[in-house]
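Q: Got query.txt for you, compact mmCIF, C-alpha atoms:
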```
# COMPACT_ATOMS: atom_id res chain seq x y z
CA MET A 1 60.13 -153.36 109.27
CA ASP A 2 59.37 -154.45 112.83
CA ASP A 3 58.34 -157.98 113.78
CA ASN A 4 54.65 -157.20 114.11
CA GLU A 5 54.66 -155.81 110.60
CA LYS A 6 56.57 -158.85 109.32
CA PHE A 7 54.12 -161.32 110.84
CA MET A 8 51.05 -159.36 109.72
CA ARG A 9 52.44 -159.19 106.19
CA MET A 10 52.86 -162.96 106.30
CA ALA A 11 49.16 -163.26 107.18
CA ILE A 12 48.21 -160.86 104.38
CA ASN A 13 50.22 -162.86 101.84
CA ARG A 14 48.65 -166.09 103.05
CA ALA A 15 45.18 -164.57 102.67
CA LYS A 16 46.04 -163.56 99.09
CA GLU A 17 47.11 -167.14 98.35
CA GLY A 18 43.70 -168.25 99.61
CA VAL A 19 41.90 -165.70 97.45
CA ASP A 20 43.85 -166.92 94.41
CA LYS A 21 42.41 -170.38 95.13
CA GLY A 22 38.83 -169.13 95.47
CA GLN A 23 38.76 -168.76 99.24
CA THR A 24 37.61 -165.71 101.23
CA PRO A 25 40.20 -163.02 102.13
CA PHE A 26 41.10 -163.99 105.69
CA ALA A 27 44.21 -165.50 107.26
CA ALA A 28 45.99 -165.74 110.59
CA VAL A 29 49.52 -166.31 111.86
CA ILE A 30 50.39 -167.58 115.35
CA VAL A 31 53.80 -166.72 116.78
CA LYS A 32 55.44 -168.01 119.96
CA ASN A 33 58.92 -166.96 121.06
CA ASP A 34 59.45 -165.23 117.70
CA GLU A 35 58.75 -168.47 115.85
CA VAL A 36 55.82 -168.83 113.46
CA ILE A 37 53.94 -171.93 114.58
CA ALA A 38 50.94 -171.58 112.25
CA CYS A 39 50.06 -169.60 109.12
CA GLU A 40 46.69 -170.49 107.64
CA HIS A 41 44.11 -168.94 105.37
CA ASN A 42 40.37 -169.47 105.49
CA LEU A 43 39.38 -172.89 104.11
CA VAL A 44 35.58 -172.76 104.40
CA TRP A 45 34.95 -173.43 100.70
CA GLU A 46 37.85 -175.78 100.09
CA ASN A 47 37.06 -178.00 103.09
CA THR A 48 33.25 -177.55 102.97
CA ASP A 49 33.55 -176.61 106.64
CA ILE A 50 31.79 -173.50 107.90
CA THR A 51 34.07 -173.48 110.96
CA ALA A 52 37.30 -173.32 108.90
CA HIS A 53 38.04 -169.62 109.46
CA GLY A 54 41.70 -168.61 109.28
CA GLU A 55 42.04 -168.27 113.05
CA ILE A 56 40.43 -171.67 113.78
CA GLN A 57 42.68 -173.33 111.21
CA ALA A 58 45.75 -171.61 112.67
CA ILE A 59 44.82 -172.64 116.23
CA ARG A 60 44.32 -176.25 115.15
CA THR A 61 47.67 -176.28 113.37
CA ALA A 62 49.42 -174.66 116.35
CA CYS A 63 47.94 -177.21 118.80
CA LYS A 64 49.26 -180.03 116.59
CA LYS A 65 52.67 -178.35 116.19
CA LEU A 66 53.16 -177.84 119.94
CA ASN A 67 51.28 -181.04 120.83
CA SER A 68 49.30 -179.00 123.33
CA ILE A 69 45.87 -177.37 123.63
CA ASP A 70 47.49 -174.56 125.63
CA LEU A 71 48.97 -171.82 123.44
CA SER A 72 49.91 -169.50 126.33
CA GLY A 73 52.69 -167.09 125.49
CA SER A 74 51.70 -166.77 121.85
CA VAL A 75 50.31 -163.96 119.72
CA ILE A 76 47.82 -164.30 116.87
CA TYR A 77 47.97 -161.93 113.88
CA SER A 78 44.69 -161.83 112.01
CA THR A 79 43.98 -159.91 108.81
CA CYS A 80 40.55 -159.05 110.23
CA GLU A 81 39.05 -158.68 113.70
CA PRO A 82 38.12 -162.24 114.69
CA CYS A 83 34.43 -163.14 114.69
CA PRO A 84 32.99 -164.25 118.06
CA MET A 85 33.64 -167.92 117.17
CA CYS A 86 37.31 -167.21 116.57
CA PHE A 87 37.63 -164.79 119.48
CA THR A 88 36.30 -167.46 121.83
CA ALA A 89 38.61 -170.11 120.35
CA ILE A 90 41.54 -167.73 120.91
CA HIS A 91 40.43 -167.32 124.51
CA TRP A 92 40.08 -171.09 125.04
CA ALA A 93 43.56 -171.59 123.57
CA ARG A 94 44.94 -169.09 126.12
CA ILE A 95 46.62 -167.02 123.42
CA ASP A 96 47.98 -163.85 125.07
CA LYS A 97 47.35 -161.26 122.41
CA ILE A 98 45.35 -160.59 119.25
CA ILE A 99 46.79 -158.17 116.70
CA CYS A 100 44.24 -157.60 113.97
CA GLY A 101 43.84 -155.52 110.84
CA ALA A 102 40.45 -154.70 109.31
CA ARG A 103 37.41 -154.45 111.57
CA ILE A 104 34.29 -156.66 111.53
CA ASP A 105 32.49 -153.59 110.11
CA ASP A 106 34.98 -153.38 107.21
CA ALA A 107 34.31 -157.06 106.43
CA ALA A 108 30.57 -156.39 106.61
CA SER A 109 30.88 -153.57 104.08
CA PHE A 110 32.21 -156.14 101.59
CA GLY A 111 29.32 -158.54 102.24
CA PHE A 112 30.76 -160.59 105.11
CA ASN A 113 28.18 -159.64 107.65
CA GLU A 114 26.07 -161.07 110.48
CA LEU A 115 26.69 -161.53 114.18
CA SER A 116 28.87 -158.47 114.47
CA VAL A 117 29.78 -158.63 118.15
CA SER A 118 33.10 -156.81 118.52
CA ASN A 119 36.13 -158.35 120.19
CA GLU A 120 36.07 -155.62 122.83
CA LYS A 121 32.49 -156.52 123.73
CA MET A 122 33.29 -160.25 123.85
CA LYS A 123 36.28 -159.52 126.06
CA THR A 124 34.34 -157.32 128.47
CA GLU A 125 31.25 -159.51 128.74
CA GLY A 126 33.21 -162.75 128.95
CA ASN A 127 35.75 -161.22 131.33
CA SER A 128 38.62 -162.41 129.12
CA LYS A 129 42.22 -161.37 129.75
CA VAL A 130 43.34 -161.53 126.12
CA GLU A 131 45.02 -158.33 124.95
CA ILE A 132 43.61 -156.80 121.76
CA VAL A 133 45.37 -154.50 119.29
CA SER A 134 42.93 -153.44 116.57
CA GLY A 135 43.36 -151.68 113.26
CA PHE A 136 46.97 -152.76 112.77
CA MET A 137 48.05 -152.09 109.16
CA CYS A 138 44.38 -151.46 108.59
CA ASP A 139 44.63 -150.04 105.07
CA GLU A 140 46.65 -152.97 103.74
CA ASN A 141 44.20 -155.38 105.33
CA ILE A 142 41.23 -153.59 103.79
CA GLU A 143 43.03 -153.82 100.44
CA LEU A 144 42.65 -157.59 100.81
CA PHE A 145 38.89 -157.26 100.48
CA LYS A 146 39.37 -155.23 97.32
CA TYR A 147 41.74 -157.89 95.97
CA TRP A 148 39.08 -160.52 96.70
CA GLU A 149 36.38 -158.33 95.14
CA SER A 150 38.38 -158.09 91.89
CA LYS A 151 38.22 -161.84 91.39
CA ASN A 152 35.65 -163.56 89.17
CA ASN A 153 35.51 -166.72 91.25
CA LYS A 154 34.70 -164.95 94.54
CA LYS A 155 31.95 -166.31 96.76
CA THR A 156 30.87 -164.91 100.09
CA TYR A 157 28.83 -166.96 102.60
CA MET B 1 9.30 -190.80 124.14
CA ASP B 2 9.05 -187.88 121.74
CA ASP B 3 11.63 -187.15 119.06
CA ASN B 4 13.36 -184.34 120.95
CA GLU B 5 13.86 -186.68 123.87
CA LYS B 6 15.14 -189.41 121.57
CA PHE B 7 17.71 -187.14 119.91
CA MET B 8 18.85 -185.60 123.20
CA ARG B 9 19.27 -189.07 124.67
CA MET B 10 21.42 -189.95 121.67
CA ALA B 11 23.64 -186.94 122.47
CA ILE B 12 23.81 -187.95 126.15
CA ASN B 13 24.86 -191.48 125.23
CA ARG B 14 27.48 -190.16 122.85
CA ALA B 15 28.87 -187.90 125.58
CA LYS B 16 29.11 -190.91 127.91
CA GLU B 17 31.08 -192.80 125.25
CA GLY B 18 33.45 -189.84 125.13
CA VAL B 19 33.82 -189.79 128.92
CA ASP B 20 34.60 -193.52 128.88
CA LYS B 21 37.48 -192.67 126.53
CA GLY B 22 38.83 -189.85 128.72
CA GLN B 23 37.09 -186.96 126.96
CA THR B 24 35.03 -184.21 128.61
CA PRO B 25 31.25 -184.76 129.03
CA PHE B 26 29.86 -182.90 126.03
CA ALA B 27 28.23 -184.05 122.81
CA ALA B 28 25.88 -182.80 120.10
CA VAL B 29 23.51 -184.28 117.55
CA ILE B 30 22.34 -182.51 114.37
CA VAL B 31 19.02 -183.54 112.84
CA LYS B 32 17.53 -182.51 109.51
CA ASN B 33 14.17 -183.78 108.27
CA ASP B 34 14.07 -186.28 111.14
CA GLU B 35 17.38 -187.76 110.05
CA VAL B 36 20.47 -187.68 112.27
CA ILE B 37 23.23 -186.18 110.15
CA ALA B 38 25.87 -185.87 112.88
CA CYS B 39 26.41 -187.24 116.39
CA GLU B 40 29.75 -186.29 117.93
CA HIS B 41 31.31 -185.99 121.34
CA ASN B 42 34.00 -183.55 122.42
CA LEU B 43 37.42 -184.54 121.06
CA VAL B 44 39.66 -181.82 122.53
CA TRP B 45 41.98 -184.24 124.30
CA GLU B 46 41.92 -187.01 121.72
CA ASN B 47 42.65 -184.69 118.79
CA THR B 48 44.84 -182.21 120.73
CA ASP B 49 42.54 -179.53 119.31
CA ILE B 50 41.12 -176.90 121.63
CA THR B 51 38.40 -176.14 119.06
CA ALA B 52 37.08 -179.73 118.97
CA HIS B 53 33.97 -179.14 121.09
CA GLY B 54 31.04 -181.49 120.46
CA GLU B 55 29.07 -178.88 118.51
CA ILE B 56 32.01 -177.90 116.28
CA GLN B 57 32.71 -181.56 115.53
CA ALA B 58 29.02 -182.18 114.75
CA ILE B 59 28.85 -179.14 112.44
CA ARG B 60 31.96 -180.24 110.57
CA THR B 61 30.57 -183.76 110.16
CA ALA B 62 27.18 -182.42 109.02
CA CYS B 63 28.80 -180.11 106.43
CA LYS B 64 30.68 -183.10 105.02
CA LYS B 65 27.58 -185.33 105.06
CA LEU B 66 25.41 -182.78 103.22
CA ASN B 67 28.34 -181.48 101.15
CA SER B 68 27.26 -177.97 102.11
CA ILE B 69 28.26 -175.24 104.53
CA ASP B 70 24.56 -174.32 104.86
CA LEU B 71 22.74 -176.40 107.46
CA SER B 72 19.44 -174.48 107.20
CA GLY B 73 16.43 -176.49 108.30
CA SER B 74 18.33 -178.44 110.91
CA VAL B 75 18.25 -178.61 114.71
CA ILE B 76 21.22 -179.12 117.01
CA TYR B 77 20.80 -180.98 120.31
CA SER B 78 23.59 -180.21 122.73
CA THR B 79 24.10 -181.74 126.16
CA CYS B 80 25.16 -178.31 127.43
CA GLU B 81 24.45 -174.71 126.45
CA PRO B 82 26.95 -174.01 123.65
CA CYS B 83 29.91 -171.77 124.50
CA PRO B 84 30.18 -168.54 122.43
CA MET B 85 32.52 -170.29 119.94
CA CYS B 86 29.96 -173.01 119.30
CA PHE B 87 26.99 -170.63 119.38
CA THR B 88 28.62 -168.51 116.68
CA ALA B 89 29.47 -171.59 114.60
CA ILE B 90 25.81 -172.66 114.85
CA HIS B 91 24.79 -169.21 113.66
CA TRP B 92 27.27 -169.28 110.75
CA ALA B 93 25.98 -172.74 109.76
CA ARG B 94 22.42 -171.30 109.65
CA ILE B 95 21.10 -174.02 111.95
CA ASP B 96 17.48 -173.12 112.83
CA LYS B 97 17.29 -174.20 116.43
CA ILE B 98 19.41 -175.09 119.46
CA ILE B 99 17.95 -177.48 122.03
CA CYS B 100 20.31 -177.72 124.97
CA GLY B 101 20.48 -179.37 128.35
CA ALA B 102 22.71 -178.13 131.16
CA ARG B 103 23.59 -174.44 131.36
CA ILE B 104 27.04 -172.85 131.05
CA ASP B 105 26.76 -172.16 134.81
CA ASP B 106 26.22 -175.86 135.52
CA ALA B 107 29.35 -176.68 133.51
CA ALA B 108 31.24 -173.98 135.44
CA SER B 109 30.24 -175.54 138.76
CA PHE B 110 32.07 -178.71 137.66
CA GLY B 111 35.21 -176.77 136.73
CA PHE B 112 34.48 -175.97 133.07
CA ASN B 113 34.47 -172.24 133.45
CA GLU B 114 35.60 -169.03 131.73
CA LEU B 115 33.98 -166.80 129.11
CA SER B 116 30.46 -167.46 130.32
CA VAL B 117 28.51 -165.38 127.83
CA SER B 118 25.05 -166.94 127.60
CA ASN B 119 23.43 -167.97 124.33
CA GLU B 120 20.60 -165.51 124.95
CA LYS B 121 23.11 -162.67 125.27
CA MET B 122 24.99 -163.77 122.12
CA LYS B 123 21.70 -163.98 120.24
CA THR B 124 20.52 -160.54 121.36
CA GLU B 125 23.83 -158.72 120.87
CA GLY B 126 24.60 -160.43 117.57
CA ASN B 127 21.01 -160.05 116.36
CA SER B 128 20.87 -163.76 115.51
CA LYS B 129 17.63 -165.47 114.46
CA VAL B 130 18.50 -168.91 115.84
CA GLU B 131 15.80 -170.28 118.15
CA ILE B 132 17.00 -171.43 121.59
CA VAL B 133 15.38 -173.99 123.89
CA SER B 134 17.37 -174.21 127.14
CA GLY B 135 17.29 -176.58 130.07
CA PHE B 136 15.89 -179.52 128.07
CA MET B 137 16.22 -182.75 130.09
CA CYS B 138 18.40 -180.66 132.34
CA ASP B 139 18.73 -183.15 135.20
CA GLU B 140 19.90 -185.97 132.93
CA ASN B 141 22.39 -183.65 131.31
CA ILE B 142 23.75 -182.50 134.66
CA GLU B 143 24.11 -186.20 135.57
CA LEU B 144 26.67 -186.35 132.74
CA PHE B 145 28.98 -184.08 134.70
CA LYS B 146 28.64 -186.36 137.71
CA TYR B 147 29.40 -189.37 135.52
CA TRP B 148 32.53 -187.58 134.30
CA GLU B 149 33.46 -186.56 137.85
CA SER B 150 33.35 -190.21 138.98
CA LYS B 151 36.10 -191.15 136.53
CA ASN B 152 39.74 -191.41 137.54
CA ASN B 153 41.08 -190.36 134.13
CA LYS B 154 39.10 -187.10 133.97
CA LYS B 155 40.83 -183.92 132.88
CA THR B 156 39.25 -180.51 132.55
CA TYR B 157 40.84 -177.68 130.54
```
Would you kindly transcribe this structure into structure tokens?
A:
Amino acid sequence: MDDNEKFMRMAINRAKEGVDKGQTPFAAVIVKNDEVIACEHNLVWENTDITAHGEIQAIRTACKKLNSIDLSGSVIYSTCEPCPMCFTAIHWARIDKIICGARIDDAASFGFNELSVSNEKMKTEGNSKVEIVSGFMCDENIELFKYWESKNNKKTY
Amino acid sequence: MDDNEKFMRMAINRAKEGVDKGQTPFAAVIVKNDEVIACEHNLVWENTDITAHGEIQAIRTACKKLNSIDLSGSVIYSTCEPCPMCFTAIHWARIDKIICGARIDDAASFGFNELSVSNEKMKTEGNSKVEIVSGFMCDENIELFKYWESKNNKKTY
């Protein structure tokens, strides 16, 4: 198993932990110099905070961990293509690379819709330098939505 | 002085308080049924959190205050056109209307640049229903940047 796979699987497992606690099936891991500096699942319901997407939570944790608002040299693994809020936060944080699993359209097909501006479009229009790898371990990431869908306590927003 | 002016002035004053404490010159106020439910300035430096823009902070406070992730029926007053992160957060929070002062381009001319995707473009491409009023009390909001620029402890990011 290569490192990318290892880190993405960590994000997938974290998302499952969130789902088990009634959260939505999203999580993100931030890695710098082969060290995991943040691993967070979505906390929108738990924190009553609409901004608490997995990526935002991971960025906030990473900033605290490194005591810096500059996360240059790091990579973010996200179970799903980041929404435009999270994409922009990733850009502001100067993260080098996004490796993501399911696409915004996959999320939409499970009821997580609205404001579907792709990362590629955000990158092009905003002239961002962040590197994007999409559809990584896509099937396993889509399975996450099915796992979430199987739960009785699921709530979308 | 009409209500919009009153609430925008509240945001401007809050931004000045932030600048006096070494923060960047941005703040936002959220109003629902004529009641101010959040009034926050940017806290990126103070919290070591690159996501702590004025609008994000105000949304988080408002969610807590109303104990809900749904801020339907509210208006956000922002001293500057929200960046795409904040615009998307406003959309997710189902805020009805954005009333903003300076434009992203004005912020850029004072050194706050990068990822300048306008709110109008985000709205159109994301098919968002949020109403946008731009350039409200624009001159006073641009003055905020000059106030910030006059400080010795100023830091952009």
Q: Which one of A:Ala107, A:Ile59, A:Met8, A:Cys100 sits closest to chain B if you count all atoms listed in the file?
A: A:Ile59
Q: With all atoms listed in the file counted and 9 Å as the cut-off, give the residues of chain A in contact with chain B, each with its shortest interatomic distance in Å and the pair that gives it, as JSON lines.
A:
```
{"residue": "A:Val44", "atom": "CA", "partner": "B:Ile69", "partner_atom": "CA", "distance": 7.7}
{"residue": "A:Trp45", "atom": "CA", "partner": "B:Ile69", "partner_atom": "CA", "distance": 7.9}
{"residue": "A:Asn47", "atom": "CA", "partner": "B:Lys64", "partner_atom": "CA", "distance": 8.4}
{"residue": "A:Thr48", "atom": "CA", "partner": "B:Ile69", "partner_atom": "CA", "distance": 5.7}
{"residue": "A:Asp49", "atom": "CA", "partner": "B:Arg60", "partner_atom": "CA", "distance": 5.6}
{"residue": "A:Ile50", "atom": "CA", "partner": "B:Ile69", "partner_atom": "CA", "distance": 5.2}
{"residue": "A:Thr51", "atom": "CA", "partner": "B:Ala89", "partner_atom": "CA", "distance": 6.2}
{"residue": "A:Ala52", "atom": "CA", "partner": "B:Arg60", "partner_atom": "CA", "distance": 8.9}
{"residue": "A:Ile56", "atom": "CA", "partner": "B:Thr51", "partner_atom": "CA", "distance": 7.2}
{"residue": "A:Ile59", "atom": "CA", "partner": "B:Ile50", "partner_atom": "CA", "distance": 7.8}
{"residue": "A:Arg60", "atom": "CA", "partner": "B:Asp49", "partner_atom": "CA", "distance": 5.6}
{"residue": "A:Thr61", "atom": "CA", "partner": "B:Asp49", "partner_atom": "CA", "distance": 8.5}
{"residue": "A:Ala62", "atom": "CA", "partner": "B:Asp49", "partner_atom": "CA", "distance": 8.9}
{"residue": "A:Cys63", "atom": "CA", "partner": "B:Asp49", "partner_atom": "CA", "distance": 5.9}
{"residue": "A:Lys64", "atom": "CA", "partner": "B:Thr48", "partner_atom": "CA", "distance": 6.4}
{"residue": "A:Asn67", "atom": "CA", "partner": "B:Thr48", "partner_atom": "CA", "distance": 6.5}
{"residue": "A:Ser68", "atom": "CA", "partner": "B:Thr48", "partner_atom": "CA", "distance": 6.1}
{"residue": "A:Ile69", "atom": "CA", "partner": "B:Ile50", "partner_atom": "CA", "distance": 5.2}
{"residue": "A:Asp70", "atom": "CA", "partner": "B:Ile50", "partner_atom": "CA", "distance": 7.9}
{"residue": "A:Cys83", "atom": "CA", "partner": "B:Thr88", "partner_atom": "CA", "distance": 8.2}
{"residue": "A:Pro84", "atom": "CA", "partner": "B:Thr88", "partner_atom": "CA", "distance": 6.3}
{"residue": "A:Met85", "atom": "CA", "partner": "B:Met85", "partner_atom": "CA", "distance": 3.8}
{"residue": "A:Cys86", "atom": "CA", "partner": "B:Met85", "partner_atom": "CA", "distance": 6.6}
{"residue": "A:Phe87", "atom": "CA", "partner": "B:Met85", "partner_atom": "CA", "distance": 7.5}
{"residue": "A:Thr88", "atom": "CA", "partner": "B:Met85", "partner_atom": "CA", "distance": 5.1}
{"residue": "A:Ala89", "atom": "CA", "partner": "B:Met85", "partner_atom": "CA", "distance": 6.1}
{"residue": "A:His91", "atom": "CA", "partner": "B:Leu115", "partner_atom": "CA", "distance": 7.9}
{"residue": "A:Trp92", "atom": "CA", "partner": "B:Ile50", "partner_atom": "CA", "distance": 6.8}
{"residue": "A:Ala93", "atom": "CA", "partner": "B:Ile50", "partner_atom": "CA", "distance": 6.2}
{"residue": "A:Glu114", "atom": "CA", "partner": "B:Gly126", "partner_atom": "CA", "distance": 7.3}
{"residue": "A:Leu115", "atom": "CA", "partner": "B:Gly126", "partner_atom": "CA", "distance": 4.1}
{"residue": "A:Ser116", "atom": "CA", "partner": "B:Gly126", "partner_atom": "CA", "distance": 5.6}
{"residue": "A:Val117", "atom": "CA", "partner": "B:Gly126", "partner_atom": "CA", "distance": 5.5}
{"residue": "A:Met122", "atom": "CA", "partner": "B:Val117", "partner_atom": "CA", "distance": 8.1}
{"residue": "A:Lys123", "atom": "CA", "partner": "B:Leu115", "partner_atom": "CA", "distance": 8.2}
{"residue": "A:Glu125", "atom": "CA", "partner": "B:Val117", "partner_atom": "CA", "distance": 6.5}
{"residue": "A:Gly126", "atom": "CA", "partner": "B:Leu115", "partner_atom": "CA", "distance": 4.1}
{"residue": "A:Asn127", "atom": "CA", "partner": "B:Leu115", "partner_atom": "CA", "distance": 6.3}
{"residue": "A:Ser128", "atom": "CA", "partner": "B:Leu115", "partner_atom": "CA", "distance": 6.4}
{"residue": "A:Tyr157", "atom": "CA", "partner": "B:Ile69", "partner_atom": "CA", "distance": 8.5}
```
Q: Would you mind exporting the chosen residues as a PDB file, in the coordinates of the input, restricted to C-alpha atoms?
A:
```
ATOM      1  CA  VAL A  44      35.580-172.760 104.400  1.00  0.00           C
ATOM      2  CA  TRP A  45      34.950-173.430 100.700  1.00  0.00           C
ATOM      3  CA  ASN A  47      37.060-178.000 103.090  1.00  0.00           C
ATOM      4  CA  THR A  48      33.250-177.550 102.970  1.00  0.00           C
ATOM      5  CA  ASP A  49      33.550-176.610 106.640  1.00  0.00           C
ATOM      6  CA  ILE A  50      31.790-173.500 107.900  1.00  0.00           C
ATOM      7  CA  THR A  51      34.070-173.480 110.960  1.00  0.00           C
ATOM      8  CA  ALA A  52      37.300-173.320 108.900  1.00  0.00           C
ATOM      9  CA  ILE A  56      40.430-171.670 113.780  1.00  0.00           C
ATOM     10  CA  ILE A  59      44.820-172.640 116.230  1.00  0.00           C
ATOM     11  CA  ARG A  60      44.320-176.250 115.150  1.00  0.00           C
ATOM     12  CA  THR A  61      47.670-176.280 113.370  1.00  0.00           C
ATOM     13  CA  ALA A  62      49.420-174.660 116.350  1.00  0.00           C
ATOM     14  CA  CYS A  63      47.940-177.210 118.800  1.00  0.00           C
ATOM     15  CA  LYS A  64      49.260-180.030 116.590  1.00  0.00           C
ATOM     16  CA  ASN A  67      51.280-181.040 120.830  1.00  0.00           C
ATOM     17  CA  SER A  68      49.300-179.000 123.330  1.00  0.00           C
ATOM     18  CA  ILE A  69      45.870-177.370 123.630  1.00  0.00           C
ATOM     19  CA  ASP A  70      47.490-174.560 125.630  1.00  0.00           C
ATOM     20  CA  CYS A  83      34.430-163.140 114.690  1.00  0.00           C
ATOM     21  CA  PRO A  84      32.990-164.250 118.060  1.00  0.00           C
ATOM     22  CA  MET A  85      33.640-167.920 117.170  1.00  0.00           C
ATOM     23  CA  CYS A  86      37.310-167.210 116.570  1.00  0.00           C
ATOM     24  CA  PHE A  87      37.630-164.790 119.480  1.00  0.00           C
ATOM     25  CA  THR A  88      36.300-167.460 121.830  1.00  0.00           C
ATOM     26  CA  ALA A  89      38.610-170.110 120.350  1.00  0.00           C
ATOM     27  CA  HIS A  91      40.430-167.320 124.510  1.00  0.00           C
ATOM     28  CA  TRP A  92      40.080-171.090 125.040  1.00  0.00           C
ATOM     29  CA  ALA A  93      43.560-171.590 123.570  1.00  0.00           C
ATOM     30  CA  GLU A 114      26.070-161.070 110.480  1.00  0.00           C
ATOM     31  CA  LEU A 115      26.690-161.530 114.180  1.00  0.00           C
ATOM     32  CA  SER A 116      28.870-158.470 114.470  1.00  0.00           C
ATOM     33  CA  VAL A 117      29.780-158.630 118.150  1.00  0.00           C
ATOM     34  CA  MET A 122      33.290-160.250 123.850  1.00  0.00           C
ATOM     35  CA  LYS A 123      36.280-159.520 126.060  1.00  0.00           C
ATOM     36  CA  GLU A 125      31.250-159.510 128.740  1.00  0.00           C
ATOM     37  CA  GLY A 126      33.210-162.750 128.950  1.00  0.00           C
ATOM     38  CA  ASN A 127      35.750-161.220 131.330  1.00  0.00           C
ATOM     39  CA  SER A 128      38.620-162.410 129.120  1.00  0.00           C
ATOM     40  CA  TYR A 157      28.830-166.960 102.600  1.00  0.00           C
TER      41      TYR A 157
END
```
Q: Between CA of Tyr147 (chain A) and CA of Cys39 (chain A), what distance in Å does the model show, to one decimal?
A: 19.5 Å
Q: What separation in Å, quoted to one decimal, exists between CA of Ala108 (chain B) and CA of Glu40 (chain B)?
A: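 Calculated distance between CA of Ala108 (chain B) and CA of Glu40 (chain B) is 21.5 Å.
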Q: Kindly indicate which residue among A:Asn141, A:Asn113, A:Gln23, A:Asn33 lies nearest to Lys154 (chain A), using only C-alpha atoms for the distances.
A: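 Closest to Lys154 (chain A) of all the choices is A:Gln23.
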Q: Choose the residue, out of A:Pro82, A:Ser109, A:Val133, A:Asn4, that has the smallest atom-to-atom separation from Asn42 (chain A); count all atoms listed in the file.
A: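 Closest to Asn42 (chain A) of all the choices is A:Pro82.
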Q: Please list as a ChimeraX atom specification every residue within 12 Å of Asn13 (chain B), counting only C-alpha atoms and excluding residues in the same chain fewer than 3 positions away.
A: /B:6-10,16-20,25-29,39-41,78-79,140-141,143-144,147
Q: Just the residues within 6 Å of Asp96 (chain A), please, counting only C-alpha atoms, with nothing from its chain fewer than 5 positions along; format it as a PDB file with C-alpha atoms, in the coordinates of the input.
A:
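Output file result-v4.pdb is given in full below:
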```pdb
ATOM      1  CA  GLY A  73      52.690-167.090 125.490  1.00  0.00           C
ATOM      2  CA  SER A  74      51.700-166.770 121.850  1.00  0.00           C
ATOM      3  CA  VAL A  75      50.310-163.960 119.720  1.00  0.00           C
ATOM      4  CA  VAL A 130      43.340-161.530 126.120  1.00  0.00           C
TER       5      VAL A 130
END
```
Q: Missing atoms in region 30-42 of chain A need filling: write out N, CA and C atoms for it as a CSV table (one decimal), in the frame of the given file.
A:
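Writing the result to out.csv gives the following:
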```
chain,number,residue,atom,x,y,z
A,30,ILE,N,50.2,-167.5,113.9
A,30,ILE,CA,50.4,-167.6,115.4
A,30,ILE,C,51.9,-167.7,115.6
A,31,VAL,N,52.4,-166.8,116.5
A,31,VAL,CA,53.8,-166.7,116.8
A,31,VAL,C,54.0,-167.0,118.3
A,32,LYS,N,55.0,-167.8,118.6
A,32,LYS,CA,55.4,-168.0,120.0
A,32,LYS,C,56.9,-167.9,120.0
A,33,ASN,N,57.5,-167.2,120.9
A,33,ASN,CA,58.9,-167.0,121.1
A,33,ASN,C,59.6,-166.6,119.7
A,34,ASP,N,59.0,-165.7,119.0
A,34,ASP,CA,59.4,-165.2,117.7
A,34,ASP,C,59.4,-166.3,116.6
A,35,GLU,N,58.8,-167.4,116.9
A,35,GLU,CA,58.8,-168.5,115.8
A,35,GLU,C,57.3,-168.6,115.4
A,36,VAL,N,57.2,-168.6,114.0
A,36,VAL,CA,55.8,-168.8,113.5
A,36,VAL,C,55.4,-170.3,113.6
A,37,ILE,N,54.3,-170.5,114.4
A,37,ILE,CA,53.9,-171.9,114.6
A,37,ILE,C,52.7,-172.3,113.8
A,38,ALA,N,52.1,-171.3,113.2
A,38,ALA,CA,50.9,-171.6,112.2
A,38,ALA,C,50.7,-170.4,111.4
A,39,CYS,N,50.3,-170.7,110.1
A,39,CYS,CA,50.1,-169.6,109.1
A,39,CYS,C,49.0,-170.2,108.2
A,40,GLU,N,47.8,-169.8,108.4
A,40,GLU,CA,46.7,-170.5,107.6
A,40,GLU,C,45.7,-169.5,107.1
A,41,HIS,N,45.2,-169.8,105.9
A,41,HIS,CA,44.1,-168.9,105.4
A,41,HIS,C,42.8,-169.7,105.6
A,42,ASN,N,41.7,-168.9,105.4
A,42,ASN,CA,40.4,-169.5,105.5
A,42,ASN,C,40.2,-170.6,104.5
```
